[in-house]
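Working notes, structure below.
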Amino acid sequence: MRRARRVVLPLLLLALLLGIWELYVDVGGADPDILAAPHQIVSAIYTDRALLWSNFLVTAQEVLFGILAAAVAGLALAILIHFSWILRTATYPLVVASQTIPIPMLAPLLMLWFGFGIFPKVIVIALISFFSIVVATLDALAAVDPELIKLMRTFDAPRWRIFREIELPAALPGVFTGAKIAVAVAVIGAVIGEMTGGSNAGLGYLFLQSIPQLLTAREYATVVILSLFAIALFALMTVAERRALPWAYESRGDLAR
Amino acid sequence: MIEAPVKEPRDLDGPGGVQVEVVSRSFGEVQALAGMSMRVAPHQVVAVVGPSGCGKTTLLELICGLQRPDAGSVRAAPAALMPQRDLLLPWLSAIDNAGLALRARGASRAQARAVAAPWLERFGLSGFERSRPAALSGGMRQRVSFLRTLLAGKPVLALDEPFAALDAITRTEMQGWLSHVLESEARTVVLVTHDVEEAVVLADRVVVMSGRPGRAVAEIAVELTRPRHRTDAAVVTLRERALAALGVDV
């Protein structure tokens, strides 16, 4: 019952908001070149499906490679920082500082250096999403109970085995938390990369193209698809986490703990 | 597979004992131990009781080699710790948690399971081998935790308030169980507890510590046959002696 309500209530609210929007455009007399009605967006998604799909594939590929790069770099950096006090002291401020770089300004520079292919977009996506993976992983590694480390030391476990048997598995829920944030922002990164001059494909590029052509419904359609894509990635990560780490979702067996 | 020493006559100078000589240990401004001394003969069970914050956990960590004393000396055979909370790994089954110490030294998962399996049965955990800790009761978790420390194969077991988190009934059951297990296991045991009754029921000797900074203020030999019950007249008498040494009015 409660579960059903959790699905139904947000859907009801969404339908209500869409209804108000639809009425505002149809009855309120908004200019459809400026504000497309929901039914026009749905219709644009249908009519332009081939165009949207081919551009979606471009964006999706960028996002997947970008997330992969962010995950590998983020995990590796987090583990290195965790193991080395010197590395932590040296790199952590720089990692934080890297987040202050205005990525939209960096994107054209990357394009100058690396050309018009997928590579500069992958870098933008990786830059924008690796931070949450690093921070969440580091926090999770630091949160491991020090008593457990002591216990393993009395069991004569070498440092790397303490990491493999205790710290890494204990940190996995944190890695997933970081990855969930990362996939949500990765789509934004892809759009930034594609909206930079010189791009010639992707939903971000299509969006930019549609504005001067007054294809308002198509503009909105690209936004809807990008946002659905990010939601789908987030949901996928959530499902993957539940499958991979069922123990993280178990309630404690008894209250005497 | 488990390198447990054979049960031998108790000899203070033999291998497998623990000697703590006038040890002091501070953490910043806080002095945890000052002039703490105690000895545990091989295969003896010694309980350490004292008020909260008297440095009991520090004492165990010194014995386990996790810390060094500021002054004095600690000589102890290799010791394995059993922490206060069970600290079982929530992603591992009972059998894999029990075998953690073997995995820590490089055994494969299969090897560790092969060693742990008969012990789980002996410890009344048959049928729960594949259960994760969340599915076990508090007493079961504590038995797995004890087994994990036992399977480390160290001559000394350092038990840090092993039953403090359990409800009273389970705690009494677990004390009887541990007493029984220790009779057939030739290990030196240092049992830290704040439960004086638990100390008298389980130990050969009770070391009473002062408040912080902790040191030994009394030692009570418990020369009673096992199994002991908390209601035995002799147990009650010794319990009251220990409480008196702690400065508690009986």
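Convention: chains lettered A, B, ... in structure tokens order; per-chain residue numbering from 1; ligands numbered from 1 as shown.
In plain terms, chain B touches chain A through Cys64, Gly65, Leu66, Ala79, Ala80, Leu81, Met82, Pro83, Leu87, Leu89, Pro90, Trp91, Ala101, Ala104, Arg105, Arg132, Pro133, Ala134, Ala135, Leu136, Ser137, Gly138, Ala152, Ala165, Leu166 and Asp167 of chain B, where touching means an atom at most 8 Å away, counting only C-alpha atoms.
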Any chance you could export the current selection's C-alpha atoms as a tab-separated table (two decimals), in the first residue's frame?
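See out21.tsv below for the written result:
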```tsv
chain	number	residue	atom	x	y	z
B	64	CYS	CA	48.01	-7.62	21.58
B	65	GLY	CA	50.95	-5.47	20.50
B	66	LEU	CA	48.67	-2.82	19.01
B	79	ALA	CA	47.51	-12.64	21.12
B	80	ALA	CA	44.31	-12.35	19.08
B	81	LEU	CA	41.67	-9.79	19.97
B	82	MET	CA	37.94	-10.29	20.35
B	83	PRO	CA	36.46	-6.81	20.20
B	87	LEU	CA	32.15	-6.39	14.43
B	89	LEU	CA	31.51	-8.19	8.44
B	90	PRO	CA	27.94	-7.71	7.21
B	91	TRP	CA	28.78	-8.87	3.68
B	101	ALA	CA	41.71	-14.85	10.55
B	104	ALA	CA	44.00	-12.77	6.79
B	105	ARG	CA	47.04	-15.02	6.65
B	132	ARG	CA	24.87	-13.23	7.10
B	133	PRO	CA	25.28	-11.58	10.53
B	134	ALA	CA	22.06	-9.60	10.15
B	135	ALA	CA	20.15	-12.90	10.26
B	136	LEU	CA	21.85	-14.13	13.45
B	137	SER	CA	20.83	-13.50	17.06
B	138	GLY	CA	23.10	-11.55	19.38
B	152	ALA	CA	43.52	-17.08	14.59
B	165	ALA	CA	26.12	-5.92	24.48
B	166	LEU	CA	23.91	-8.96	25.16
B	167	ASP	CA	20.71	-9.14	27.16
```
- Message: If we count only C-alpha atoms and set the cut-off at 9 Å, which residues sit around B:Gly214, ignoring sequence neighbours fewer than 3 positions away in its own chain? Please answer as a PyMOL selection string.
- Response: chain B and resi 24+31-36+50+53-56+209-211+217
Query raised in the report: If you run DSSP on this backbone, which residues of stretch 179-221 of chain B come out as strand (DSSP E or B), and could you give them as a list in words?
Result: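 Checking each residue of stretch 179-221 of chain B, the strand (DSSP E or B) ones are Thr188, Val189, Val190, Leu191, Val192, Thr193, Arg205, Val206, Val207, Val208, Met209, Gly214, Ala216, Val217, Ala218, Glu219, Ile220 and Ala221 of chain B.
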So, with only C-alpha atoms as the atoms that count, which of B:Arg212, B:Arg143, B:Arg122, B:Arg85 lies closest to B:Glu173?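 Closest to B:Glu173 of all the choices is B:Arg143.
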- Query: Can you list, as an MDAnalysis selection string, every protein, DNA or RNA residue that comes within 9 Å of A:Ile128 when you count only C-alpha atoms, leaving out same-chain residues fewer than 3 positions away?
  - Reply: chainID A and resid 70 99 103 123:125 131:132 182 185:186 188:189
Atom CA of A:Leu226 to atom CA of A:Thr196 measures 17.0 Å
- [ ] Identify all residues of stretch 12-232 of chain B in alpha helix (DSSP H) (DSSP on the backbone) and supply them as number ranges by chain.
- [x] B: 56-63, 94-98, 100-104, 109-122, 138-150, 168-184, 196-202
Check: What's the 12 Å shell around A:Tyr92, counting only C-alpha atoms, without same-chain residues fewer than 4 positions away, as number ranges by chain?
Finding: A: 77-78, 80-82, 84-88, 96-99, 131, 134-135, 138
With C-alpha atoms kept, could you save the residues just selected as an mmCIF file, in the first residue's frame?
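The new file out_10.cif reads:
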```cif
data_model
loop_
_atom_site.group_PDB
_atom_site.id
_atom_site.type_symbol
_atom_site.label_atom_id
_atom_site.label_comp_id
_atom_site.auth_asym_id
_atom_site.auth_seq_id
_atom_site.Cartn_x
_atom_site.Cartn_y
_atom_site.Cartn_z
ATOM 1 C CA LEU A 77 42.855 8.305 -6.979
ATOM 2 C CA ALA A 78 40.744 7.600 -3.889
ATOM 3 C CA LEU A 80 46.042 6.088 -3.692
ATOM 4 C CA ILE A 81 45.043 8.994 -1.450
ATOM 5 C CA HIS A 82 43.756 6.561 1.174
ATOM 6 C CA SER A 84 49.446 7.620 1.163
ATOM 7 C CA TRP A 85 49.392 10.458 3.618
ATOM 8 C CA ILE A 86 51.799 12.402 1.395
ATOM 9 C CA LEU A 87 49.619 11.893 -1.648
ATOM 10 C CA ARG A 88 46.527 12.909 0.309
ATOM 11 C CA VAL A 96 38.867 20.172 -4.686
ATOM 12 C CA ALA A 97 40.309 23.069 -6.713
ATOM 13 C CA SER A 98 39.624 21.158 -9.930
ATOM 14 C CA GLN A 99 35.931 21.516 -9.135
ATOM 15 C CA PHE A 131 34.814 14.345 -7.947
ATOM 16 C CA VAL A 134 36.596 10.342 -5.174
ATOM 17 C CA VAL A 135 34.953 12.080 -2.240
ATOM 18 C CA LEU A 138 37.374 8.395 0.463
#
```
Non-local contacts of A:Ile181 (10 Å; only C-alpha atoms; under 2 positions in same chain excluded) as a CSV table (one decimal) with N, CA and C atoms, in the first residue's frame:
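The new file part_38.csv reads:
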```csv
chain,number,residue,atom,x,y,z
A,129,SER,N,32.3,14.5,-13.3
A,129,SER,CA,31.7,13.4,-12.5
A,129,SER,C,32.7,12.7,-11.6
A,130,PHE,N,34.0,12.9,-11.8
A,130,PHE,CA,34.9,12.0,-10.9
A,130,PHE,C,35.0,12.5,-9.5
A,131,PHE,N,34.7,13.8,-9.3
A,131,PHE,CA,34.8,14.3,-7.9
A,131,PHE,C,33.9,13.6,-6.9
A,132,SER,N,32.7,13.4,-7.3
A,132,SER,CA,31.8,12.7,-6.3
A,132,SER,C,32.2,11.3,-6.0
A,133,ILE,N,32.8,10.7,-7.0
A,133,ILE,CA,33.3,9.3,-6.8
A,133,ILE,C,34.5,9.3,-5.8
A,136,ALA,N,33.2,10.4,-2.2
A,136,ALA,CA,32.3,9.4,-1.5
A,136,ALA,C,33.2,8.2,-1.2
A,176,PHE,N,29.2,3.4,-4.7
A,176,PHE,CA,27.9,3.4,-5.4
A,176,PHE,C,27.2,4.8,-5.2
A,177,THR,N,27.3,5.3,-4.0
A,177,THR,CA,26.7,6.6,-3.7
A,177,THR,C,27.4,7.7,-4.7
A,178,GLY,N,28.7,7.6,-4.7
A,178,GLY,CA,29.4,8.5,-5.6
A,178,GLY,C,29.1,8.3,-7.0
A,179,ALA,N,28.9,7.1,-7.4
A,179,ALA,CA,28.6,6.8,-8.8
A,179,ALA,C,27.2,7.2,-9.2
A,183,VAL,N,26.6,9.7,-12.3
A,183,VAL,CA,25.8,9.5,-13.6
A,183,VAL,C,24.8,10.6,-13.8
A,184,ALA,N,24.3,11.2,-12.7
A,184,ALA,CA,23.4,12.3,-12.8
A,184,ALA,C,24.0,13.5,-13.5
A,185,VAL,N,25.2,13.8,-13.0
A,185,VAL,CA,25.9,15.0,-13.6
A,185,VAL,C,26.6,14.7,-14.9
A,186,ALA,N,26.9,13.5,-15.2
A,186,ALA,CA,27.6,13.1,-16.4
A,186,ALA,C,26.8,13.6,-17.6
A,234,PHE,N,20.6,6.6,-13.2
A,234,PHE,CA,20.5,6.6,-11.8
A,234,PHE,C,19.8,5.3,-11.3
A,237,MET,N,21.9,2.3,-11.6
A,237,MET,CA,22.9,2.2,-10.6
A,237,MET,C,22.3,1.7,-9.3
```
When you look at B:Val48 with a cut-off of 8 Å (counting only C-alpha atoms), what residues show up, excluding the ones that are within fewer than 5 positions of it in the same chain? I need them as a PyMOL selection string. chain B and resi 56+190-193+199+206-209
Selection from above, N, CA and C atoms, as a CSV table (one decimal), in the first residue's frame, can you write it?
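What ended up in out.csv:
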```
chain,number,residue,atom,x,y,z
B,56,LYS,N,41.2,-0.5,30.6
B,56,LYS,CA,41.1,-2.0,30.4
B,56,LYS,C,41.4,-2.3,28.9
B,190,VAL,N,42.9,-13.5,28.6
B,190,VAL,CA,42.7,-12.2,29.4
B,190,VAL,C,41.3,-11.7,29.0
B,191,LEU,N,40.5,-11.7,30.0
B,191,LEU,CA,39.1,-11.3,29.8
B,191,LEU,C,38.8,-10.0,30.5
B,192,VAL,N,38.6,-9.0,29.8
B,192,VAL,CA,38.2,-7.7,30.4
B,192,VAL,C,36.7,-7.6,30.5
B,193,THR,N,36.2,-7.2,31.6
B,193,THR,CA,34.8,-7.2,31.8
B,193,THR,C,34.5,-6.1,32.9
B,199,ALA,N,33.3,-12.3,35.8
B,199,ALA,CA,34.7,-12.5,36.1
B,199,ALA,C,34.9,-13.7,37.0
B,206,VAL,N,41.1,-13.1,39.3
B,206,VAL,CA,40.4,-11.9,39.0
B,206,VAL,C,41.4,-10.7,39.4
B,207,VAL,N,41.7,-9.9,38.4
B,207,VAL,CA,42.6,-8.7,38.7
B,207,VAL,C,41.6,-7.5,38.8
B,208,VAL,N,41.7,-6.8,40.0
B,208,VAL,CA,40.8,-5.7,40.2
B,208,VAL,C,41.6,-4.4,39.9
B,209,MET,N,41.1,-3.5,39.0
B,209,MET,CA,41.9,-2.3,38.7
B,209,MET,C,41.2,-1.1,39.4
```
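Between atom CA of A:Phe116 and atom CA of A:Pro212 the interatomic distance comes to 22.2 Å.
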> Between B:Gln19, B:Ser108, B:Ser37, B:Ser26, which is the closest to B:Pro213 once you count only C-alpha atoms?
Replying inline: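 Using only C-alpha atoms, the shortest distance to B:Pro213 belongs to B:Ser26.
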